[in-house]
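The next block holds one structure in the form of structure tokens; read it before the comments.
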Amino acid sequence: MSEAKDFNHETHPDWCPGCGDFGLLQALKKTYPLLNLNPHDLMTVSGIGCSSNLPGFINTYGMHTLHGRSLPIAQGFKLGNHKMTVVAVGGDGDGYGIGVGHLVHAMRRNVDITYLVMNNEIYGLTTGQTSPTSDLGMKTKSTPFGNPEVPINPLTLALASGCGFVARVYTGHIPQLVEILKKAIEHQGFALVDTFSPCVTFNKVNTHEYFKTNTVDIQKEGHDPSDIYAAYKQATRTDKIATGIFYQNVRSCYEATEEETLAEPLYRHKLGLTEEEQAKLCAEFI
Amino acid sequence: MSEAKDFNHETHPDWCPGCGDFGLLQALKKTYPLLNLNPHDLMTVSGIGCSSNLPGFINTYGMHTLHGRSLPIAQGFKLGNHKMTVVAVGGDGDGYGIGVGHLVHAMRRNVDITYLVMNNEIYGLTTGQTSPTSDLGMKTKSTPFGNPEVPINPLTLALASGCGFVARVYTGHIPQLVEILKKAIEHQGFALVDTFSPCVTFNKVNTHEYFKTNTVDIQKEGHDPSDIYAAYKQATRTDKIATGIFYQNVRSCYEATEEETLAEPLYRHKLGLTEEEQAKLCAEFI
Amino acid sequence: MSQKKESIVVRIAGAAGDGIASAADVFGRICARQGLHVTAYNSYQSAIRGGHVWYQLNIGSQKTLSHGEAPDVAILLNRTSPAVHIPQIKKGGVVLYNSSIIPDDLSSLRKDLTYYGLPFRELVKDPGVIAVMANTMLIGSLVQLLNLNPQVGLDFLSEEFTRKGDKVIQLNQLVFNTGVDWIKKNGKSLELQLNGDGIKRMLLNGNHAFGMGLLAHGLKFYAAYPMSPATGILHYLAQKAKSHKMVIKQTEDELAAINFVIGAAHAGVRAACATSGGGFSLMVEAVGLAGMMEEPIVVINVQRGGPSTGIPTKQEQGDLNLLLGASHGEFPRIILAPKDITDAFHTAGRALNLAEKYQTPVLILSDLYLSESFRTTEPFKVTLPIERGKVQTEAGSDYKRFLITEDGVSPRLIPGAPNGMYVSASDEHDEKGIVISDVLAGLPASLEIRNKIQAKRMKKLEVARTEDMQLPTVSGPEKADLTLLGWGSTYDAIEEACQILNANGHKVNHLHFTDLFPMPEGVHELLKNCKEIIGVENNFTSQMCRLIRAETSYHVQRTINRYDGEPFTGEDIANRIKKEMTHV
Amino acid sequence: MSQKKESIVVRIAGAAGDGIASAADVFGRICARQGLHVTAYNSYQSAIRGGHVWYQLNIGSQKTLSHGEAPDVAILLNRTSPAVHIPQIKKGGVVLYNSSIIPDDLSSLRKDLTYYGLPFRELVKDPGVIAVMANTMLIGSLVQLLNLNPQVGLDFLSEEFTRKGDKVIQLNQLVFNTGVDWIKKNGKSLELQLNGDGIKRMLLNGNHAFGMGLLAHGLKFYAAYPMSPATGILHYLAQKAKSHKMVIKQTEDELAAINFVIGAAHAGVRAACATSGGGFSLMVEAVGLAGMMEEPIVVINVQRGGPSTGIPTKQEQGDLNLLLGASHGEFPRIILAPKDITDAFHTAGRALNLAEKYQTPVLILSDLYLSESFRTTEPFKVTLPIERGKVQTEAGSDYKRFLITEDGVSPRLIPGAPNGMYVSASDEHDEKGIVISDVLAGLPASLEIRNKIQAKRMKKLEVARTEDMQLPTVSGPEKADLTLLGWGSTYDAIEEACQILNANGHKVNHLHFTDLFPMPEGVHELLKNCKEIIGVENNFTSQMCRLIRAETSYHVQRTINRYDGEPFTGEDIANRIKKEMTHV
Ligand SMILES: Cc1ncc(C[n+]2csc(CCOP(=O)(O)OP(=O)(O)O)c2C)c(N)n1
Ligand SMILES: Cc1ncc(C[n+]2csc(CCOP(=O)(O)OP(=O)(O)O)c2C)c(N)n1
Ligand code: SF4
Ligand code: SF4
Ligand SMILES: [Mg+2]
Ligand SMILES: [Mg+2]
């Protein structure tokens, strides 16, 4: 049985004091014991960004990779060792900007991994440029006259791409976050959790205060997560910012299509051929 | 006043006889005169694929570029010369596979270009591998045991990404196609037209016959293209394959955010600074 | 000449979609099964139907070293091919064609050829017959023309169509025999000394060999995005996925493909991907990631005519510079360029071993010619045992993933072991993997860590250079007047050129690189001892000669470059050398 | 020594978020406005808050050639900095700090230093005051310590805060004066000969110079994805977008950025993008596209510590190989590496001209040190007229976009002209742009077209080599015993090293490359005439020396390599040379 403290890492997070990412880190440490996961059962994969530094701050196996490429790596790892629980993490730039193509394909492919986006609606690590989720008109270092682009809506994108678990939560709401993380990791197949994780340094609009004031928990409002059209409506409502589980639908995950091959994890397979097997391969060309 | 034949090119298309792409080519030649467009008013931009060969078969300006990169190039060109009408064309692999990240961003960015995807649900030019729109379970050269991935739905993707004009049509239905192309090009902002354009050589499932039998024109059924939720439903219905204009919503296009700069097309601007202007720039650092 | 020819060049030509490749396959297999040697090259274009496509097969009693230049015999399948191909046929050659499709009088084109027009529609009236079967008839006529054993053809057809049932088999055999009989009746077999040695060889291409080589040496994960001429590897492996329990994954693009591979490799799986130059260009960033995170991955780049989309169905050795420079910053990489199909099989295994030995990307350079031309080849036997290097599944008390060691290679723990938790990062890190770029960079202690860990990684290059990289092979006369220098797939063509030149009284030998980078010590020595060197490369700028100069200062001043998209043949090289020689 | 020092090295140190950069800017500007020379380098990490950050300014009456090694004076801003920085201060140096934040007794760390602890909280009690203003106080004390004119500081503050109103100005001036007065009362100004020449120079960094250089030379379109240390160019240009009517676009990634630029360039717009190594790795495929479609684009790669994410806030010259090998296949490219900030301005313009002259990608190599270090620099004047090469807006009767010409450059028609319709393709094409890879590839006529059009493109490289590429500069004594060879941003540091060494009685000169590729004729000559050469590179493998060897066979056998992420200083190089010399 693991405890939250088993996941503490010797390295203190280098995030700014107050950064929303602390919330997710804390919640993960609380969630894993609830799922009976030990540090060595977990592979945390990230891209590049402030948020993507997370694998270095939690005591699990980890890969801290390239900006935008965490999902291909996480999926490749999972197929190589599907007994481990794979959690991909990163920022809005990483996942919805440079990485959005991989995201769209990962959602339809449905490898059983969990993807947590620390969405601060800004590029943190590069010191404050527009991100794909920045508000229209937001002034940043790269858009001093205002962001000219309508932001991506990660939730409708996920719903449209066949994602079987679509949720959103503010990282300051730890109990809700833990609850959702638990369900997301338990979900068989690709799960997306978009977390509002304020950047206290570069985003002076979408602050902790802002999310505390404007979010609403749609589970409390009785939202039915099996109704995809209701989910679309929640994802686009403008009165409040909806949080909670928007949609869940269990469908066969990718690994199931490789059932026989993955009866044993790939990395444990015996390698090489017998002479007969080799000869048989050659015979096909004779 | 242009005529269809003005758009004929000396090069005969190298598509297989019966390829669906002929339909789009023919329809484009019919559409441009209806819009009073001359060959030199048009820039046709494509990626790589059978479908992406189209710019070489029509008498307009053209760029035949890289697999998956037609949209960034088309947008860059349009911002450089927004007086020309820019039409990007390509295949399902080009646009929904390798290029889907650019597509998602182009749709929210809303540069005023038209994007026509010749969707044959297969990789044609590379001789028949699974494409992101191939049916689940489809046997192809790269998936001899069946495609393990749920296909992308380009329409829900477009609706979810803020695309202001979302349509689909079978290239064998020329009058419907011409009608839709006309509206798509007229639409101010990014317009996506997904065309079913059968690959007679490598896709033996989604054939001309198949689309002739299974499509229905939703305009004829009275679909309201201003209702996005109705559009989602049409895009996911299973009784028939819906074609027509699913959604249209005019919002300010990207060029409008650069109104002053683009008062004159960028390529015609006078270049260089006066000595005073140069001195002023320097003075900022003193 | 009184001696009968021991080899013959056959060309089958028509348009894309005419079934040329499968006709060539049938014919090639018939030859191979009689113990003849075959080298077959498909000249095609980036169009699915139409255009001008031809397959050229060089058949011999001895090993044929290239697909040959001008054909002795041509099978023409459509009406546009005579004008293109008849001018290219060797003097006194033979043309076989279906006169129901080509009703024209071909003899007006050239008088010195023998024309056999078989009227398919008249000869075969069976209602089950389909147009493409005319090819089978023409193959039958070819078999008879070359005096090969028709029974081998009949047997092959019956195997080939087993799954389609007896009716189909019989029909095909009938059509085949029609061709045989027609020549018997109306034609005359050629006087040849085509004697098979009875050994049944495989007829396969380099992509098959790469695929089988990976599989045979423990590949378990493969990811790719289709791209000619690399796709054959994907097709081969995809078919073997279930029977050999591999995960073979077509991904959304090449960025994904290589990163999937890195993920799988990190899990402890032997993993590889292949692509062509354009796809490799997209993989560049991740190659550096693998270098930094010390992941054992194998990437095959099957070169084609560039730059950019270029001439995608044509040959070039144009990507060596790309591989040498791939990714920003500095890290160890190994580059291998197998010289033929057998070498492709073994190189695949060797690359998997080296990747795990050095925990760094191993890059293989193939090209369209090696990957797509078919050769008769002795069945492969695995000679290299699978060696996985420093790998462990359990962690000691103070495990350090990036431990500084003498050879630069650190013990690699497969994730999952209790107590071994570590992070592999693309950021610079210390021996434990803890990132030093975040809050420590620039401090005196980190400068030292950085220096050590960068030197550790780079050390692997030096160890590989001395322990594993092979010197170029030298073949032919020892004290030659001229040395032809090549690399990768041009091996056989250069060998053939040497044979031709030496038969002509020259004294030419052949120096050939397969292990390109890091370059072993001793190359300069080898080159210095040559009297005169001509670099032979299928590119514009002599990239290999440039690499040699960068490594050794040796300047190969005279080069032969072919960059029109066609592969070299021995004859072609010999002719160019002869021209060059007049300038010596 | 009786002579007073004419330069001084100041370090401001603390944690990220302590306002170090803006304090350094204020101080640097105050110096610059008195006509002093400033070189300032920010040593920071890949974290937004915390860690150890320091800014080092080398201030001099004469031009300062580097940011210097050990500081004479240090301003310490937080409690963790004394332990790190005090050991590094020059003997007899001075420490300024806010004793309200650092209450510790620092003198226990070193006895030879002078410590001035200013108790900010006691000295400034105004209720409007905020913590970060302590920096202003310390700058005030520094100004007084160095005997600079405080009025310049007061004036600067009033300008700086104009928009924030008089209250803020007055408060800042009050705090500044507090520092001045405190030193007057409790300290002693240093004995220095810091005399400004009264000329007001800019204080700016290389990214500003690139941005302004592009703008001044006709840039109209710029696309980028943020990446340190290149982002400064985006920030600069974004602010100028409206006033100078440019479209400055942040795109979704680097793949998009360069392809946007290609689109805009095709429309006839001067267009560029910049990134760092990782982003450039992603641009590799499109660089080849621009080469093939003959599009005039400029790409700036601002190098940082690699490989992979590496040490992103640190210095390296590690991407030359990447640029040389970027993209599959062969096409012409030009690579320039400006040597300092002024050169960055002019190189931006030159690159835009060369791109249009040769209609091919021009790549600029900068690095973190050049792009992010600040220097006092004379205001820029455009000296290079904008030249757009063979460009036309109207089409003749038989316009051919890829016309074969003597210099390889074809007249470029801006799309939109009636009757000029053409397609630019990444596939190989004929002079009109018609693709030959589809149905024509491999036919004799296409082989000829391919050969000609490939030779045409490659011709541009040869023309550029002779017409435009400049030989390396040589500075210092003519018949030197030792030549230091460098490239790009290390120019000033190597100059400084030469000065130090020559002042020590050595005879050292400096050979410096800015035009890297294609390499002009004559380099070998230059090198051969040197007695002894040491290559000085901010990387592990001496990439420039390797390029020289590949081009000329000349082997620079002795090298100094720094790859710990720090930039060279003259002192550092001189020390390493001295060590090396003992081995001569
Ligand atoms: C290929 C590449 N391009 C750009 C960068 C620079 N970069 C580092 S982090 C980042 C974006 C950070 O934003 P986000 O992903 O939202 O993470 P955050 O820092 O906000 O948590 C960028 C652009 C990079 N590392 N690699
Ligand atoms: C970077 C890159 N990867 C792969 C390819 C090979 N390739 C050419 S076309 C194509 C896909 C074709 O499919 P699609 O876009 O659907 O077009 P279609 O041929 O079906 O019309 C691929 C993978 C390429 N040209 N470039
Ligand atoms: S810059 Fe923003 S995102 Fe990054 S650590 Fe600080 S608060 Fe968090
Ligand atoms: S292969 Fe398919 S997509 Fe390509 S031209 Fe032929 S029918 Fe059309
Ligand atoms: Mg962010
Ligand atoms: Mg397709």
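By order of appearance in the structure tokens: chains A, B, ..., then residues from 1 within every chain, and ligands from 1 in the order shown.
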Q: Any chance you could list, as a ChimeraX atom specification, the residues in segment 317-400 of chain D that come up alpha helix (DSSP H) when DSSP is run on the backbone?
A: /D:320-325,341-358,368-372
Contacts of Asp515 of chain C at 8 Å or less, counting only C-alpha atoms, minus same-chain residues fewer than 6 places along, as a compact mmCIF listing (two decimals) with all heavy atoms, in the first residue's frame?
```
# COMPACT_ATOMS: atom_id res chain seq x y z
N ILE C 335 26.28 5.56 -38.20
CA ILE C 335 25.63 5.50 -39.52
C ILE C 335 26.21 4.34 -40.32
O ILE C 335 27.43 4.27 -40.53
CB ILE C 335 25.83 6.82 -40.29
CG1 ILE C 335 25.39 8.02 -39.43
CG2 ILE C 335 25.06 6.79 -41.61
CD1 ILE C 335 25.63 9.38 -40.09
N LEU C 336 25.32 3.46 -40.77
CA LEU C 336 25.71 2.29 -41.54
C LEU C 336 25.01 2.29 -42.88
O LEU C 336 23.85 2.69 -42.97
CB LEU C 336 25.31 1.01 -40.78
CG LEU C 336 25.78 0.88 -39.33
CD1 LEU C 336 25.15 -0.35 -38.68
CD2 LEU C 336 27.30 0.80 -39.26
N ALA C 337 25.69 1.85 -43.91
CA ALA C 337 25.08 1.80 -45.25
C ALA C 337 25.37 0.44 -45.88
O ALA C 337 26.41 0.27 -46.51
CB ALA C 337 25.63 2.92 -46.12
N MET C 469 33.44 -0.08 -35.70
CA MET C 469 33.35 0.38 -37.08
C MET C 469 34.38 -0.36 -37.94
O MET C 469 35.54 -0.48 -37.57
CB MET C 469 33.58 1.89 -37.16
CG MET C 469 32.49 2.70 -36.48
SD MET C 469 30.84 2.47 -37.20
CE MET C 469 30.09 1.40 -35.97
N GLN C 470 33.92 -0.84 -39.07
CA GLN C 470 34.76 -1.61 -39.98
C GLN C 470 35.37 -0.71 -41.05
O GLN C 470 34.70 0.17 -41.57
CB GLN C 470 33.92 -2.67 -40.69
CG GLN C 470 33.17 -3.60 -39.76
CD GLN C 470 34.07 -4.61 -39.10
OE1 GLN C 470 35.06 -5.03 -39.69
NE2 GLN C 470 33.75 -4.97 -37.86
N LEU C 471 36.59 -1.00 -41.39
CA LEU C 471 37.23 -0.29 -42.50
C LEU C 471 36.52 -0.64 -43.81
O LEU C 471 35.89 -1.69 -43.91
CB LEU C 471 38.71 -0.69 -42.59
CG LEU C 471 39.63 0.05 -41.62
CD1 LEU C 471 41.00 -0.59 -41.59
CD2 LEU C 471 39.74 1.52 -42.02
N PRO C 472 36.67 0.20 -44.80
CA PRO C 472 36.09 -0.15 -46.10
C PRO C 472 36.71 -1.44 -46.63
O PRO C 472 37.87 -1.74 -46.33
CB PRO C 472 36.44 1.05 -46.98
CG PRO C 472 37.52 1.78 -46.27
CD PRO C 472 37.30 1.52 -44.82
```
Which chain A residues have any atom within 8 Å of an atom of chain B, and for each, what is the nearest pair of atoms with distance in Å to one decimal, counting only C-alpha atoms, rows sorted by chain and number, as CSV?
```
residue,atom,partner,partner_atom,distance
A:Ile98,CA,B:Gly101,CA,7.5
A:Gly99,CA,B:Gly101,CA,7.4
A:Val100,CA,B:Gly101,CA,5.3
A:Gly101,CA,B:Gly101,CA,4.0
A:His102,CA,B:Gly101,CA,7.7
A:Val104,CA,B:Val100,CA,7.9
A:His105,CA,B:Ile152,CA,7.8
A:Arg108,CA,B:Val150,CA,5.5
A:Arg109,CA,B:Glu149,CA,5.1
A:Asn110,CA,B:Glu149,CA,7.9
A:Pro148,CA,B:Thr257,CA,6.3
A:Glu149,CA,B:Arg109,CA,5.1
A:Val150,CA,B:Arg108,CA,5.5
A:Pro151,CA,B:Arg108,CA,6.8
A:Ile152,CA,B:Ser161,CA,6.4
A:Asn153,CA,B:Ser161,CA,6.9
A:Thr156,CA,B:Ala160,CA,5.0
A:Leu157,CA,B:Ala160,CA,5.2
A:Ala160,CA,B:Thr156,CA,5.0
A:Ser161,CA,B:Ile152,CA,6.4
A:Gly162,CA,B:Val150,CA,7.8
A:Tyr229,CA,B:Tyr229,CA,7.3
A:Tyr254,CA,B:Pro148,CA,7.0
A:Thr257,CA,B:Pro148,CA,6.3
```
Could you write those residues out with N, CA and C atoms, as a PDB file, in the first residue's frame?
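As a result, again_36.pdb now contains:
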```
ATOM      1  N   ILE A  98       1.587  23.041 -30.323  1.00  0.00           N
ATOM      2  CA  ILE A  98       2.473  22.242 -31.176  1.00  0.00           C
ATOM      3  C   ILE A  98       2.067  20.770 -31.208  1.00  0.00           C
ATOM      4  N   GLY A  99       1.418  20.305 -30.138  1.00  0.00           N
ATOM      5  CA  GLY A  99       1.137  18.871 -30.055  1.00  0.00           C
ATOM      6  C   GLY A  99      -0.275  18.470 -30.434  1.00  0.00           C
ATOM      7  N   VAL A 100      -1.080  19.396 -30.938  1.00  0.00           N
ATOM      8  CA  VAL A 100      -2.508  19.077 -31.074  1.00  0.00           C
ATOM      9  C   VAL A 100      -2.769  17.980 -32.104  1.00  0.00           C
ATOM     10  N   GLY A 101      -1.924  17.871 -33.091  1.00  0.00           N
ATOM     11  CA  GLY A 101      -2.113  16.799 -34.076  1.00  0.00           C
ATOM     12  C   GLY A 101      -2.016  15.432 -33.419  1.00  0.00           C
ATOM     13  N   HIS A 102      -1.004  15.257 -32.586  1.00  0.00           N
ATOM     14  CA  HIS A 102      -0.864  13.974 -31.891  1.00  0.00           C
ATOM     15  C   HIS A 102      -2.043  13.730 -30.963  1.00  0.00           C
ATOM     16  N   VAL A 104      -5.192  14.748 -31.286  1.00  0.00           N
ATOM     17  CA  VAL A 104      -6.377  14.333 -32.046  1.00  0.00           C
ATOM     18  C   VAL A 104      -6.266  12.842 -32.405  1.00  0.00           C
ATOM     19  N   HIS A 105      -5.095  12.424 -32.847  1.00  0.00           N
ATOM     20  CA  HIS A 105      -4.944  11.020 -33.234  1.00  0.00           C
ATOM     21  C   HIS A 105      -4.918  10.089 -32.020  1.00  0.00           C
ATOM     22  N   ARG A 108      -8.509   9.278 -30.942  1.00  0.00           N
ATOM     23  CA  ARG A 108      -9.253   8.264 -31.678  1.00  0.00           C
ATOM     24  C   ARG A 108      -8.592   6.891 -31.556  1.00  0.00           C
ATOM     25  N   ARG A 109      -7.298   6.885 -31.359  1.00  0.00           N
ATOM     26  CA  ARG A 109      -6.570   5.608 -31.263  1.00  0.00           C
ATOM     27  C   ARG A 109      -6.896   4.878 -29.972  1.00  0.00           C
ATOM     28  N   ASN A 110      -7.022   5.658 -28.898  1.00  0.00           N
ATOM     29  CA  ASN A 110      -7.519   5.111 -27.633  1.00  0.00           C
ATOM     30  C   ASN A 110      -6.575   4.144 -26.929  1.00  0.00           C
ATOM     31  N   PRO A 148      -5.057  37.725 -31.781  1.00  0.00           N
ATOM     32  CA  PRO A 148      -6.048  37.807 -32.865  1.00  0.00           C
ATOM     33  C   PRO A 148      -6.807  36.502 -33.110  1.00  0.00           C
ATOM     34  N   GLU A 149      -6.510  35.456 -32.365  1.00  0.00           N
ATOM     35  CA  GLU A 149      -7.088  34.150 -32.683  1.00  0.00           C
ATOM     36  C   GLU A 149      -8.062  33.669 -31.628  1.00  0.00           C
ATOM     37  N   VAL A 150      -9.151  33.099 -32.106  1.00  0.00           N
ATOM     38  CA  VAL A 150     -10.126  32.485 -31.215  1.00  0.00           C
ATOM     39  C   VAL A 150      -9.475  31.259 -30.576  1.00  0.00           C
ATOM     40  N   PRO A 151      -9.555  31.119 -29.269  1.00  0.00           N
ATOM     41  CA  PRO A 151      -8.874  29.981 -28.641  1.00  0.00           C
ATOM     42  C   PRO A 151      -9.475  28.631 -29.020  1.00  0.00           C
ATOM     43  N   ILE A 152      -8.640  27.653 -28.907  1.00  0.00           N
ATOM     44  CA  ILE A 152      -9.074  26.261 -29.017  1.00  0.00           C
ATOM     45  C   ILE A 152      -9.974  25.929 -27.840  1.00  0.00           C
ATOM     46  N   ASN A 153     -10.966  25.095 -28.096  1.00  0.00           N
ATOM     47  CA  ASN A 153     -11.751  24.549 -26.999  1.00  0.00           C
ATOM     48  C   ASN A 153     -11.374  23.072 -26.861  1.00  0.00           C
ATOM     49  N   THR A 156     -14.490  20.457 -26.664  1.00  0.00           N
ATOM     50  CA  THR A 156     -15.226  20.101 -27.881  1.00  0.00           C
ATOM     51  C   THR A 156     -14.309  19.333 -28.825  1.00  0.00           C
ATOM     52  N   LEU A 157     -13.043  19.715 -28.842  1.00  0.00           N
ATOM     53  CA  LEU A 157     -12.081  18.993 -29.678  1.00  0.00           C
ATOM     54  C   LEU A 157     -12.038  17.522 -29.277  1.00  0.00           C
ATOM     55  N   ALA A 160     -15.223  15.727 -30.203  1.00  0.00           N
ATOM     56  CA  ALA A 160     -15.305  15.518 -31.653  1.00  0.00           C
ATOM     57  C   ALA A 160     -14.336  14.459 -32.131  1.00  0.00           C
ATOM     58  N   SER A 161     -13.329  14.164 -31.312  1.00  0.00           N
ATOM     59  CA  SER A 161     -12.277  13.245 -31.762  1.00  0.00           C
ATOM     60  C   SER A 161     -12.417  11.847 -31.182  1.00  0.00           C
ATOM     61  N   GLY A 162     -13.532  11.600 -30.550  1.00  0.00           N
ATOM     62  CA  GLY A 162     -13.770  10.238 -30.072  1.00  0.00           C
ATOM     63  C   GLY A 162     -13.132   9.921 -28.742  1.00  0.00           C
ATOM     64  N   TYR A 229     -24.218  15.261 -26.510  1.00  0.00           N
ATOM     65  CA  TYR A 229     -24.712  16.590 -26.914  1.00  0.00           C
ATOM     66  C   TYR A 229     -24.792  17.520 -25.723  1.00  0.00           C
ATOM     67  N   TYR A 254      -7.012   0.464 -27.541  1.00  0.00           N
ATOM     68  CA  TYR A 254      -6.133   0.021 -28.607  1.00  0.00           C
ATOM     69  C   TYR A 254      -5.468  -1.311 -28.291  1.00  0.00           C
ATOM     70  N   THR A 257      -6.778  -4.597 -29.528  1.00  0.00           N
ATOM     71  CA  THR A 257      -6.579  -5.063 -30.914  1.00  0.00           C
ATOM     72  C   THR A 257      -5.288  -5.866 -31.033  1.00  0.00           C
TER      73      THR A 257
END
```
Q: Would you mind telling me which residue in C:Leu237, C:Leu413, C:Leu57, C:Val302 lies nearest to chain D when using only C-alpha atoms?
A: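 Looking only at the distances to chain D, the closest residue turns out to be C:Val302.
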Quick one: which chain D residues come within 12 Å of ligand 2, and what is the nearest atom pair for each with the distance in Å to one decimal, counting only C-alpha atoms and all ligand atoms, rows ordered by chain and ascending number, as CSV?
```
residue,atom,partner,partner_atom_place_in_ligand_line,distance
D:Leu255,CA,ligand 2,1 (C),11.5
D:Leu282,CA,ligand 2,1 (C),11.5
D:Met283,CA,ligand 2,1 (C),11.9
D:Val284,CA,ligand 2,1 (C),11.0
D:Glu285,CA,ligand 2,1 (C),7.8
D:Ala286,CA,ligand 2,1 (C),10.0
D:Gly288,CA,ligand 2,1 (C),11.8
D:Leu289,CA,ligand 2,1 (C),11.3
D:Ser327,CA,ligand 2,1 (C),11.3
D:His328,CA,ligand 2,1 (C),11.1
D:Ser426,CA,ligand 2,25 (N),9.7
D:Asp427,CA,ligand 2,25 (N),9.6
```
(Q) I'd like the neighbourhood of segment 379-389 of chain C as a count of residues only, where a residue qualifies if any of its atoms comes within 8 Å (using only C-alpha atoms), though same-chain residues fewer than 2 positions away should be ignored. (A) 23
Q) If you count only C-alpha atoms and all ligand atoms, which residues end up within 6 Å of ligand 5, as number ranges by chain? A) A: 91-93, 119-124
Q. Would you list which chain C residues are within 8 Å of chain A using only C-alpha atoms, as a PyMOL selection string?
A. chain C and resi 29+32-33+200-204+212+215-221+242+245-247+252+255-257+259-270+286+289+379-381+386+415-427+434-435+438-439
Quick one: contact table of chain B to ligand 4, 7 Å max, nearest atom pair and distance in Å to one decimal per residue, counting only C-alpha atoms and all ligand atoms, chain and number order, as a Markdown table?
```
| residue | atom | partner | partner_atom_place_in_ligand_line | distance |
| --- | --- | --- | --- | --- |
| B:Asp14 | CA | ligand 4 | 5 (S) | 6.8 |
| B:Trp15 | CA | ligand 4 | 5 (S) | 3.6 |
| B:Cys16 | CA | ligand 4 | 6 (Fe) | 4.1 |
| B:Gly18 | CA | ligand 4 | 7 (S) | 6.6 |
| B:Cys19 | CA | ligand 4 | 7 (S) | 4.0 |
| B:Gly20 | CA | ligand 4 | 8 (Fe) | 6.3 |
| B:Asp21 | CA | ligand 4 | 8 (Fe) | 6.3 |
| B:Cys50 | CA | ligand 4 | 4 (Fe) | 4.6 |
| B:Ser51 | CA | ligand 4 | 3 (S) | 6.4 |
| B:Asn120 | CA | ligand 4 | 3 (S) | 6.7 |
| B:Gly124 | CA | ligand 4 | 1 (S) | 4.3 |
| B:Leu125 | CA | ligand 4 | 4 (Fe) | 5.4 |
| B:Thr127 | CA | ligand 4 | 1 (S) | 6.4 |
| B:Pro198 | CA | ligand 4 | 7 (S) | 6.7 |
| B:Cys199 | CA | ligand 4 | 2 (Fe) | 3.5 |
| B:Val200 | CA | ligand 4 | 7 (S) | 4.3 |
| B:Thr201 | CA | ligand 4 | 7 (S) | 4.8 |
| B:Phe202 | CA | ligand 4 | 2 (Fe) | 5.8 |
```
**Q.** Sel. of strand (DSSP E) residues, segment 98-198 of chain C, as a VMD selection string
**A.** chain C and resid 98 114 to 118
